[in-house]
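Below is protein08.cif, which holds mmCIF, C-alpha atoms and all ligand atoms.
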```
data_upload
#
loop_
_atom_site.label_atom_id
_atom_site.label_comp_id
_atom_site.auth_asym_id
_atom_site.auth_seq_id
_atom_site.Cartn_x
_atom_site.Cartn_y
_atom_site.Cartn_z
CA MET A 1191 -2.28 15.53 -14.65
CA ILE A 1192 -4.72 12.91 -15.96
CA TYR A 1193 -8.13 12.80 -14.29
CA SER A 1194 -10.71 10.07 -14.64
CA LEU A 1195 -13.94 8.98 -13.02
CA TYR A 1196 -13.56 6.70 -10.01
CA GLY A 1197 -15.81 3.83 -11.09
CA LYS A 1198 -19.46 4.85 -11.00
CA THR A 1199 -19.10 7.33 -8.14
CA GLY A 1200 -19.18 10.42 -10.37
CA LYS A 1201 -16.00 11.68 -8.70
CA LYS A 1202 -13.19 12.80 -11.01
CA VAL A 1203 -9.89 11.84 -9.40
CA SER A 1204 -6.24 12.46 -10.27
CA ALA A 1205 -4.22 9.54 -11.68
CA VAL A 1206 -1.65 10.25 -8.96
CA GLY A 1207 -2.85 9.88 -5.38
CA PHE A 1208 -1.04 10.83 -2.19
CA GLY A 1209 -0.54 7.80 0.08
CA GLY A 1210 -0.18 8.78 3.73
CA MET A 1211 1.69 5.69 4.89
CA ARG A 1212 5.25 6.88 4.48
CA PHE A 1213 5.51 10.46 5.77
CA ASP A 1214 8.99 11.44 6.90
CA GLU A 1215 8.55 11.10 10.64
CA SER A 1216 11.66 13.16 11.35
CA LYS A 1217 9.72 16.18 10.01
CA SER A 1218 7.08 18.13 11.93
CA ILE A 1219 3.35 17.76 11.31
CA GLN A 1220 3.40 21.23 9.75
CA GLU A 1221 6.23 20.34 7.32
CA ASN A 1222 4.44 17.18 6.22
CA ALA A 1223 1.18 19.14 5.90
CA ASP A 1224 3.01 21.62 3.62
CA LEU A 1225 3.96 18.70 1.36
CA ILE A 1226 0.30 17.67 1.08
CA ARG A 1227 -0.71 21.22 0.18
CA TYR A 1228 2.07 21.32 -2.43
CA ALA A 1229 0.79 18.05 -3.95
CA ASN A 1230 -2.71 19.53 -4.13
CA SER A 1231 -1.36 22.65 -5.84
CA MET A 1232 0.20 20.32 -8.46
CA GLY A 1233 -3.20 18.80 -9.29
CA ILE A 1234 -3.31 15.79 -6.93
CA ASN A 1235 -6.82 15.54 -5.49
CA TYR A 1236 -6.94 12.06 -3.89
CA PHE A 1237 -5.48 11.73 -0.40
CA ASP A 1238 -5.31 8.36 1.30
CA THR A 1239 -4.64 7.65 4.95
CA ALA A 1240 -5.57 5.30 7.81
CA PRO A 1241 -5.53 5.35 11.58
CA GLY A 1242 -2.21 3.93 12.75
CA TYR A 1243 -0.11 4.98 9.73
CA CYS A 1244 3.20 6.66 10.65
CA ASN A 1245 2.89 5.99 14.37
CA ASP A 1246 -0.71 7.11 14.21
CA THR A 1247 0.15 10.63 13.01
CA SER A 1248 -1.00 10.34 9.38
CA GLU A 1249 -4.64 11.38 9.90
CA ASP A 1250 -3.49 14.31 12.07
CA ILE A 1251 -1.03 15.46 9.37
CA TYR A 1252 -3.83 15.48 6.81
CA GLY A 1253 -6.10 17.26 9.32
CA GLU A 1254 -3.49 20.01 9.57
CA ALA A 1255 -3.12 20.26 5.78
CA PHE A 1256 -6.85 20.34 5.10
CA LYS A 1257 -7.34 23.36 7.42
CA ASP A 1258 -5.80 25.56 4.81
CA MET A 1259 -5.91 23.78 1.44
CA PRO A 1260 -7.59 25.89 -1.24
CA GLY A 1261 -7.78 23.20 -3.95
CA GLN A 1262 -10.62 20.69 -4.29
CA PHE A 1263 -9.79 17.23 -2.83
CA TYR A 1264 -11.13 13.82 -1.84
CA VAL A 1265 -10.11 11.99 1.30
CA SER A 1266 -9.89 8.26 1.85
CA THR A 1267 -9.35 6.48 5.15
CA LYS A 1268 -9.88 2.98 6.51
CA GLY A 1269 -11.04 0.67 9.29
CA MET A 1270 -10.30 -3.03 9.82
CA PRO A 1271 -13.17 -5.47 10.34
CA THR A 1272 -11.03 -7.51 12.73
CA SER A 1273 -11.05 -4.70 15.29
CA LEU A 1274 -14.26 -2.91 14.20
CA ASN A 1275 -16.33 -6.06 14.56
CA THR A 1276 -19.64 -4.40 15.42
CA ALA A 1277 -21.65 -1.69 13.66
CA GLU A 1278 -21.29 0.56 16.72
CA LYS A 1279 -17.49 0.28 16.68
CA ALA A 1280 -17.44 0.98 12.93
CA ILE A 1281 -19.56 4.13 13.35
CA ALA A 1282 -17.38 5.36 16.24
CA ALA A 1283 -14.23 4.83 14.11
CA VAL A 1284 -15.68 6.82 11.20
CA LYS A 1285 -16.60 9.70 13.52
CA LYS A 1286 -13.12 9.63 15.07
CA SER A 1287 -11.44 9.78 11.63
CA ILE A 1288 -13.71 12.65 10.55
CA LYS A 1289 -12.72 14.59 13.66
CA ARG A 1290 -9.00 13.98 13.21
CA LEU A 1291 -9.12 14.85 9.52
CA GLY A 1292 -11.19 17.96 10.20
CA VAL A 1293 -13.60 17.20 7.34
CA LYS A 1294 -17.40 17.01 7.19
CA LYS A 1295 -17.39 13.53 5.61
CA ILE A 1296 -15.08 10.81 4.27
CA ASP A 1297 -15.30 10.54 0.48
CA PHE A 1298 -13.95 6.96 0.25
CA TYR A 1299 -14.02 4.73 3.35
CA HIS A 1300 -12.11 1.44 3.04
CA ILE A 1301 -12.98 -1.84 4.66
CA TRP A 1302 -9.31 -2.34 5.35
CA CYS A 1303 -6.76 -5.08 4.78
CA ILE A 1304 -8.89 -7.98 3.62
CA ARG A 1305 -6.40 -10.85 3.39
CA LYS A 1306 -8.85 -13.76 3.22
CA MET A 1307 -12.56 -14.36 2.73
CA ASP A 1308 -13.05 -14.79 6.50
CA HIS A 1309 -12.15 -11.10 6.91
CA TYR A 1310 -14.66 -10.08 4.26
CA GLU A 1311 -17.37 -12.22 5.82
CA LEU A 1312 -16.59 -10.71 9.22
CA ALA A 1313 -17.10 -7.22 7.77
CA MET A 1314 -20.38 -8.26 6.15
CA LYS A 1315 -21.87 -10.20 9.07
CA GLN A 1316 -25.16 -9.00 10.53
CA GLY A 1317 -24.48 -6.16 12.95
CA GLY A 1318 -20.90 -5.86 11.67
CA GLN A 1319 -18.70 -3.17 10.12
CA TYR A 1320 -20.53 -2.92 6.79
CA GLU A 1321 -23.85 -2.31 8.53
CA GLY A 1322 -22.23 0.50 10.51
CA LEU A 1323 -20.77 2.00 7.34
CA LEU A 1324 -24.16 1.91 5.61
CA GLN A 1325 -25.58 3.79 8.58
CA CYS A 1326 -22.76 6.37 8.24
CA GLN A 1327 -23.57 6.69 4.55
CA LYS A 1328 -27.22 7.40 5.39
CA GLU A 1329 -26.14 10.10 7.83
CA GLY A 1330 -23.86 11.70 5.21
CA LEU A 1331 -20.64 10.81 7.03
CA ILE A 1332 -19.32 8.64 4.17
CA ASP A 1333 -19.86 9.01 0.43
CA HIS A 1334 -18.53 5.68 -0.86
CA ILE A 1335 -17.74 2.35 0.82
CA VAL A 1336 -14.70 0.72 -0.79
CA LEU A 1337 -12.31 -2.08 0.18
CA SER A 1338 -8.58 -2.80 0.32
CA SER A 1339 -7.64 -6.35 -0.56
CA HIS A 1340 -4.55 -8.56 -0.49
CA GLN A 1341 -6.29 -11.59 -2.00
CA THR A 1342 -6.14 -13.72 -5.11
CA GLY A 1343 -7.89 -12.60 -8.31
CA ASN A 1344 -10.67 -15.15 -7.76
CA GLU A 1345 -11.49 -13.87 -4.31
CA VAL A 1346 -11.39 -10.25 -5.51
CA LYS A 1347 -13.83 -11.22 -8.28
CA HIS A 1348 -16.16 -12.89 -5.80
CA ILE A 1349 -16.23 -9.75 -3.64
CA LEU A 1350 -16.83 -7.44 -6.59
CA GLU A 1351 -19.66 -9.61 -7.88
CA GLU A 1352 -21.51 -9.09 -4.58
CA LYS A 1353 -21.72 -5.36 -5.54
CA LYS A 1354 -21.59 -4.13 -1.97
CA ILE A 1355 -18.61 -1.84 -2.51
CA GLU A 1356 -17.78 0.82 -5.10
CA GLY A 1357 -14.06 0.42 -5.62
CA ILE A 1358 -10.98 -1.52 -4.63
CA LEU A 1359 -7.42 -0.84 -3.46
CA LEU A 1360 -4.90 -3.47 -4.60
CA GLY A 1361 -1.13 -3.95 -4.27
CA VAL A 1362 0.07 -3.95 -7.86
CA ASN A 1363 3.24 -2.68 -9.51
CA ILE A 1364 5.45 -3.24 -12.53
CA LEU A 1365 7.22 -6.21 -10.91
CA ASN A 1366 4.25 -8.17 -9.59
CA PHE A 1367 1.59 -7.31 -12.20
CA PRO A 1368 1.69 -10.66 -14.03
CA TYR A 1369 0.57 -12.29 -10.76
CA ARG A 1370 -1.90 -9.62 -9.63
CA TRP A 1371 -3.54 -8.71 -12.90
CA GLU A 1372 -6.65 -10.86 -12.65
CA GLY A 1373 -8.05 -8.75 -9.80
CA VAL A 1374 -7.18 -5.44 -11.52
CA GLN A 1375 -8.63 -6.45 -14.89
CA THR A 1376 -11.79 -7.90 -13.34
CA ALA A 1377 -12.41 -4.72 -11.34
CA ALA A 1378 -11.77 -2.50 -14.38
CA ASP A 1379 -14.00 -4.64 -16.63
CA MET A 1380 -16.82 -4.42 -14.09
CA GLY A 1381 -16.52 -0.63 -14.00
CA TYR A 1382 -15.10 -0.32 -10.47
CA GLY A 1383 -12.60 2.29 -9.39
CA VAL A 1384 -9.16 0.66 -9.01
CA VAL A 1385 -6.50 2.17 -6.76
CA ALA A 1386 -2.95 0.74 -6.84
CA MET A 1387 -0.84 0.83 -3.70
CA ASN A 1388 2.84 0.16 -3.36
CA PRO A 1389 3.94 1.25 -6.88
CA LEU A 1390 7.65 0.96 -6.07
CA GLY A 1391 7.57 -2.51 -4.52
CA GLY A 1392 8.13 -1.26 -0.96
CA GLY A 1393 11.25 0.64 -2.05
CA SER A 1394 12.79 -2.39 -3.81
CA ILE A 1395 12.73 -0.67 -7.19
CA PRO A 1396 14.62 2.56 -6.32
CA SER A 1397 17.17 0.57 -4.31
CA HIS A 1398 17.89 -1.90 -7.14
CA GLU A 1399 18.00 0.28 -10.22
CA ASN A 1400 20.99 -1.59 -11.69
CA GLU A 1401 19.41 -5.03 -11.41
CA LEU A 1402 16.13 -3.66 -12.82
CA ASP A 1403 17.42 -1.65 -15.74
CA PHE A 1404 15.43 -3.90 -18.11
CA LEU A 1405 12.29 -2.02 -16.99
CA SER A 1406 13.20 1.14 -18.83
CA GLU A 1407 14.55 2.40 -22.12
CA GLY A 1408 16.53 5.51 -23.01
CA ASP A 1409 16.92 8.13 -20.28
CA GLU A 1410 14.10 6.83 -18.11
CA SER A 1411 15.16 5.28 -14.79
CA PRO A 1412 13.58 2.02 -13.55
CA THR A 1413 11.86 4.04 -10.80
CA GLU A 1414 10.33 6.38 -13.40
CA ALA A 1415 9.29 3.38 -15.49
CA ALA A 1416 7.62 1.78 -12.46
CA LEU A 1417 5.68 4.97 -11.75
CA ARG A 1418 4.74 5.37 -15.40
CA PHE A 1419 3.39 1.82 -15.41
CA VAL A 1420 0.85 2.41 -12.62
CA ILE A 1421 0.07 6.05 -13.41
CA SER A 1422 -0.59 5.53 -17.13
CA CYS A 1423 -2.20 2.10 -16.96
CA PRO A 1424 -5.79 2.45 -18.28
CA GLN A 1425 -7.13 -0.20 -15.88
CA ILE A 1426 -5.82 1.69 -12.81
CA THR A 1427 -7.75 4.79 -11.74
CA ILE A 1428 -5.31 6.09 -9.11
CA ALA A 1429 -1.69 5.21 -8.28
CA LEU A 1430 -0.94 5.93 -4.62
CA ASN A 1431 2.51 7.30 -3.90
CA GLY A 1432 4.00 7.67 -0.43
CA PHE A 1433 5.66 11.03 -1.10
CA THR A 1434 8.32 12.42 1.21
CA THR A 1435 9.72 15.25 -0.95
CA LYS A 1436 8.51 17.84 -3.45
CA GLU A 1437 10.87 16.30 -6.04
CA HIS A 1438 9.01 12.97 -5.77
CA ILE A 1439 5.73 14.80 -6.34
CA ASP A 1440 7.16 16.68 -9.33
CA MET A 1441 8.39 13.42 -10.87
CA ALA A 1442 5.01 11.66 -10.51
CA CYS A 1443 3.11 14.70 -11.85
CA ARG A 1444 5.46 14.99 -14.84
CA ILE A 1445 4.88 11.31 -15.63
CA ALA A 1446 1.12 11.84 -15.35
CA ASP A 1447 1.34 14.88 -17.66
CA GLU A 1448 3.15 12.82 -20.28
CA ALA A 1449 0.65 9.94 -19.89
CA LYS A 1450 2.56 7.35 -21.89
CA PRO A 1451 1.28 3.83 -21.18
CA PHE A 1452 3.43 0.77 -21.85
CA THR A 1453 2.60 -1.05 -25.07
CA ASP A 1454 1.51 -4.69 -24.92
CA LYS A 1455 4.85 -5.65 -26.49
CA GLU A 1456 6.83 -3.79 -23.81
CA LEU A 1457 4.77 -5.43 -21.07
CA SER A 1458 5.29 -8.89 -22.48
CA ASN A 1459 9.06 -8.23 -22.63
CA ILE A 1460 9.03 -7.18 -18.98
CA LYS A 1461 6.91 -10.22 -18.06
CA GLU A 1462 9.53 -12.49 -19.57
CA LYS A 1463 12.26 -10.98 -17.44
CA ILE A 1464 10.44 -10.85 -14.12
CA GLY A 1465 10.83 -13.93 -11.95
CA ALA A 1466 7.89 -15.26 -9.96
CA ALA A 1467 9.93 -14.27 -6.91
CA MET A 1468 8.56 -10.73 -7.05
CA ASN A 1469 5.10 -12.02 -6.21
CA GLU A 1470 6.53 -13.29 -2.94
CA ALA A 1471 8.50 -10.21 -1.96
CA CYS A 1472 7.97 -8.30 1.28
CA THR A 1473 6.42 -4.90 0.57
CA GLY A 1474 7.44 -3.40 3.92
CA CYS A 1475 3.78 -2.74 4.78
CA GLY A 1476 4.44 -3.46 8.47
CA TYR A 1477 1.21 -5.32 9.30
CA CYS A 1478 3.23 -8.19 10.80
CA ASP A 1479 5.05 -5.91 13.22
CA MET A 1480 3.53 -7.38 16.37
CA CYS A 1481 5.91 -10.17 17.36
CA PRO A 1482 5.62 -11.16 21.04
CA GLN A 1483 9.39 -11.84 20.98
CA GLY A 1484 10.10 -8.30 19.76
CA ILE A 1485 11.54 -9.50 16.45
CA PRO A 1486 11.58 -6.61 13.92
CA ILE A 1487 9.92 -8.79 11.28
CA PRO A 1488 9.38 -6.16 8.52
CA SER A 1489 13.07 -5.22 8.64
CA PHE A 1490 14.19 -8.85 8.44
CA MET A 1491 11.76 -9.59 5.61
CA GLN A 1492 12.95 -6.55 3.63
CA ILE A 1493 16.49 -7.87 4.02
CA TYR A 1494 15.32 -11.29 2.87
CA ASN A 1495 14.10 -9.71 -0.40
CA GLU A 1496 17.78 -9.39 -1.35
CA LYS A 1497 18.06 -13.17 -1.33
CA HIS A 1498 14.67 -14.08 -2.70
CA VAL A 1499 14.29 -11.47 -5.42
CA PHE A 1500 17.84 -10.42 -6.20
CA HIS A 1501 19.52 -13.82 -5.63
CA LYS A 1502 22.33 -12.65 -3.34
CA THR A 1503 24.69 -15.41 -2.16
CA ASP A 1504 24.92 -16.52 1.48
CA ASP A 1505 28.20 -14.63 1.87
CA GLU A 1506 26.61 -11.48 0.44
CA MET A 1507 23.66 -11.92 2.81
CA LYS A 1508 26.03 -12.15 5.80
CA GLU A 1509 27.58 -8.86 4.72
CA ILE A 1510 24.13 -7.27 4.23
CA MET A 1511 23.16 -8.38 7.75
CA ARG A 1512 26.35 -6.92 9.25
CA ASN A 1513 25.69 -3.59 7.52
CA ALA A 1514 22.05 -3.59 8.58
CA TYR A 1515 23.06 -3.98 12.24
CA GLU A 1516 25.82 -1.40 11.98
CA TRP A 1517 24.11 1.44 10.13
CA GLY A 1518 21.05 0.06 8.33
CA ILE A 1519 17.49 -0.92 9.17
CA LEU A 1520 18.41 -3.09 12.18
CA VAL A 1521 20.19 -0.37 14.15
CA GLY A 1522 18.81 -0.24 17.70
CA LYS A 1523 16.33 -3.07 17.10
CA ARG A 1524 16.11 -5.88 19.64
CA GLY A 1525 14.98 -9.42 18.88
CA THR A 1526 16.99 -11.61 16.54
CA ALA A 1527 15.73 -14.04 13.90
CA ALA A 1528 16.79 -16.93 16.16
CA ASP A 1529 14.30 -15.75 18.84
CA CYS A 1530 11.34 -16.89 16.74
CA THR A 1531 9.19 -19.48 18.56
CA ALA A 1532 7.15 -20.24 15.41
CA CYS A 1533 3.91 -19.11 17.09
CA GLY A 1534 2.53 -18.17 13.66
CA LEU A 1535 0.94 -14.83 14.65
CA CYS A 1536 2.90 -12.86 12.05
CA GLU A 1537 2.12 -15.22 9.17
CA ASN A 1538 -1.55 -14.78 9.94
CA GLU A 1539 -1.17 -11.02 9.48
CA CYS A 1540 1.11 -10.95 6.43
CA THR A 1541 -0.55 -9.16 3.51
CA GLN A 1542 1.62 -11.09 1.03
CA HIS A 1543 1.05 -14.49 2.70
CA LEU A 1544 4.83 -14.97 3.13
CA PRO A 1545 6.47 -17.94 4.93
CA ILE A 1546 8.00 -15.66 7.56
CA ILE A 1547 9.00 -18.45 9.98
CA ALA A 1548 11.00 -20.36 7.35
CA ARG A 1549 12.64 -17.13 6.16
CA LEU A 1550 13.64 -16.20 9.71
CA LYS A 1551 15.31 -19.62 10.08
CA GLU A 1552 17.42 -18.87 7.03
CA ILE A 1553 18.20 -15.37 8.25
CA ALA A 1554 19.32 -16.82 11.60
CA SER A 1555 21.94 -18.84 9.73
CA TRP A 1556 23.43 -15.61 8.26
CA ASP A 1557 23.16 -13.90 11.59
CA LYS A 1558 25.59 -16.13 13.45
CA GLU A 1559 28.81 -14.30 12.79
S1 LIG B 1601 6.18 -16.75 14.34
FE1 LIG B 1601 8.13 -16.02 15.16
S2 LIG B 1601 8.42 -14.01 14.25
FE2 LIG B 1601 6.27 -14.56 13.95
S3 LIG B 1601 5.21 -13.59 15.68
FE3 LIG B 1601 5.69 -15.70 16.29
S4 LIG B 1601 7.68 -15.56 17.32
FE4 LIG B 1601 7.39 -13.65 16.19
S1 LIG B 1602 6.34 -9.68 5.96
FE1 LIG B 1602 4.31 -9.39 5.06
S2 LIG B 1602 3.13 -8.17 6.53
FE2 LIG B 1602 5.30 -8.05 7.08
S3 LIG B 1602 6.04 -6.17 6.15
FE3 LIG B 1602 6.45 -7.82 4.70
S4 LIG B 1602 4.68 -7.98 3.36
FE4 LIG B 1602 4.09 -6.70 5.12
#
```
Would you put the structure from the file into C-alpha cells?
Amino acid sequence: MIYSLYGKTGKKVSAVGFGGMRFDESKSIQENADLIRYANSMGINYFDTAPGYCNDTSEDIYGEAFKDMPGQFYVSTKGMPTSLNTAEKAIAAVKKSIKRLGVKKIDFYHIWCIRKMDHYELAMKQGGQYEGLLQCQKEGLIDHIVLSSHQTGNEVKHILEEKKIEGILLGVNILNFPYRWEGVQTAADMGYGVVAMNPLGGGSIPSHENELDFLSEGDESPTEAALRFVISCPQITIALNGFTTKEHIDMACRIADEAKPFTDKELSNIKEKIGAAMNEACTGCGYCDMCPQGIPIPSFMQIYNEKHVFHKTDDEMKEIMRNAYEWGILVGKRGTAADCTACGLCENECTQHLPIIARLKEIASWDKE
C-alpha cells in the first residue's frame, strides 16, 4: 500500500480508501462490517461514509466495524448545507454521526455535494453550516473540515483560494479526467488533499470492458487500468472504492502495492480515444432520486449511458429497455419515462448537471413497445 500525507493535515492516509456508498444491501450489517475490518487489515486506513448512504445504513455498518477494528484508521463523513442551513443543525448532525459511528471525533468532515457556488455560499453564510463546523472543531469533535464538489475547475479553484477547507473530494476517473483535471491539478498544486470518488465511472467501466479495451495493455483489464489510474496518480491522495467483496479489496491493494502510474504518453493516447461524452455520463450517484412522479431516474440515466457513451442504436436501446424491465435495473420499479412533467427538480439535484428531462423524452420513445 502507498501512504501519503493528506494535504497539510499531518495525517498519513492510504492511497486506497473505502467508500461506504455501495455496500451490498443483501448482506447483514455484520457481514459488511467484516469487509471493512478486512480492508483495514490489508492496509486501508481511510473510511468514507455519509448519512443516507445505502438506505441510511452506511454509518451504522462502519459503527459496527469500528467497535472491533485493531488497525489505525481515519473516518470521513458528510453533511449538506442545503439541509444543515444553520450552525445549530450542523452541530447536531456532527454529534449524530459521531454517535452512529461510535467514534470520539470525525477526522474529515465534508461540506457535502457542492454543485454550484450558491451551495458553497449557503454553507459559509453567517450562522450557517461552516460556523457550526468550526465550533465542532473547537470542541474536538472534528479534526479537519473538507468539501465534496461537483463543480467546474474554476469554481473549485475559487473555493480553494478562500482557504477555509483543508481538502477536496472530486469525481474523477480515467474516462472523464481530461474534463475534470483543472480542479484536481489546482488542488494538488496548492497542497490540498485530493480524494477521488467514482473511480469506475458508476460501474460503466467493468460493464463495458470490450468497448474500453484501449485503456489497458497486456494482461491488465480496463477495470484494473481504471483503478491504477486513480490509485497511482501523484495528484490524487486517496482513491475511494465502493467495495463489496474481498476480491475487490485484494485487487485495489495489489494495484497500490505495484504503484505504477500512467506515463504522460499513455495518458495522451487515452485522451485521444475518449469522447467528450464521458464527461456527461450518469455516475449512478442517486442524488436525483426524488421524483414526485416516482420515476426511477438514476436507473433510466444509467441506461441512457449506453446511448450517450457507447453509441448504441435505437433498436439496441429498445432491446436494452426490454431486458431492464424483465430482469435488469427496472424490475419492480414504477414510473415510466413518459410520466415526466418536466418540473425540473431532478436537474437541480444532478451532480453531473445532466439534461435529464430531454434524456427521458428520448427514453420514452424506446419505451413504447
Ligand atoms: S423533471 Fe421529470 S423526472 Fe425530473 S423530477 Fe420532475 S417529473 Fe421527475
Ligand atoms: S442523473 Fe445525475 S444525480 Fe442522477 S444518478 Fe445520474 S449523475 Fe447522479
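Considering only C-alpha atoms and all ligand atoms, the residue among A:Trp1556, A:Tyr1477, A:Tyr1382, A:Tyr1369 positioned nearest to ligand LIG 1601 (chain B) is A:Tyr1477.
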Selection: 8 Å around Ile1234 of chain A, only C-alpha atoms, excl. self and same-chain fewer than 6 positions, as number ranges by chain: A: 1191, 1204-1208, 1263
Could you pull out the residues sitting within 8 Å of ligand LIG 1602 (chain B), using all atoms listed in the file, and write them as an mmCIF file with C-alpha atoms, keeping the file's coordinate frame?
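Result saved to pocket-v2.cif:
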```
data_model
loop_
_atom_site.group_PDB
_atom_site.id
_atom_site.type_symbol
_atom_site.label_atom_id
_atom_site.label_comp_id
_atom_site.auth_asym_id
_atom_site.auth_seq_id
_atom_site.Cartn_x
_atom_site.Cartn_y
_atom_site.Cartn_z
ATOM 1 C CA ALA A 1471 8.500 -10.210 -1.960
ATOM 2 C CA CYS A 1472 7.970 -8.300 1.280
ATOM 3 C CA THR A 1473 6.420 -4.900 0.570
ATOM 4 C CA GLY A 1474 7.440 -3.400 3.920
ATOM 5 C CA CYS A 1475 3.780 -2.740 4.780
ATOM 6 C CA GLY A 1476 4.440 -3.460 8.470
ATOM 7 C CA TYR A 1477 1.210 -5.320 9.300
ATOM 8 C CA CYS A 1478 3.230 -8.190 10.800
ATOM 9 C CA ASP A 1479 5.050 -5.910 13.220
ATOM 10 C CA ILE A 1487 9.920 -8.790 11.280
ATOM 11 C CA PRO A 1488 9.380 -6.160 8.520
ATOM 12 C CA SER A 1489 13.070 -5.220 8.640
ATOM 13 C CA MET A 1491 11.760 -9.590 5.610
ATOM 14 C CA GLN A 1492 12.950 -6.550 3.630
ATOM 15 C CA CYS A 1536 2.900 -12.860 12.050
ATOM 16 C CA GLU A 1537 2.120 -15.220 9.170
ATOM 17 C CA GLU A 1539 -1.170 -11.020 9.480
ATOM 18 C CA CYS A 1540 1.110 -10.950 6.430
ATOM 19 C CA THR A 1541 -0.550 -9.160 3.510
ATOM 20 C CA GLN A 1542 1.620 -11.090 1.030
ATOM 21 C CA HIS A 1543 1.050 -14.490 2.700
ATOM 22 C CA LEU A 1544 4.830 -14.970 3.130
ATOM 23 C CA ILE A 1546 8.000 -15.660 7.560
#
```
Counting all atoms listed in the file, which protein, DNA or RNA residues come within 8 Å of ligand LIG 1601 (chain B), given as a PyMOL selection string? chain A and resi 1478+1480-1485+1487+1527+1529-1537+1546-1547+1550
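Residues in contact with segment 1399-1412 of chain A at 10 Å, where only C-alpha atoms are counted and same-chain residues fewer than 3 positions away are skipped, are listed as Ile1364, Leu1365, Leu1390, Ser1394, Ile1395, Pro1396, Ala1415, Ala1416, Leu1417, Arg1418, Phe1419, Glu1456, Leu1457, Asn1459, Ile1460, Lys1461, Lys1463, Ile1464 and Phe1500 of chain A.
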Choose the residue, out of A:Ala1554, A:Met1211, A:Ala1442, A:Ala1386, that has the smallest atom-to-atom separation from Gly1361 of chain A; count only C-alpha atoms. A:Ala1386
Give as a list in words the set of residues within 12 Å of the point (10.5, 16.2, -0.7), where distances use the file's coordinates and only C-alpha atoms. Arg1212, Phe1213, Asp1214, Lys1217, Glu1221, Asn1222, Ala1223, Asp1224, Leu1225, Ile1226, Tyr1228, Ala1229, Gly1432, Phe1433, Thr1434, Thr1435, Lys1436, Glu1437, His1438, Ile1439, Asp1440 and Met1441 of chain A
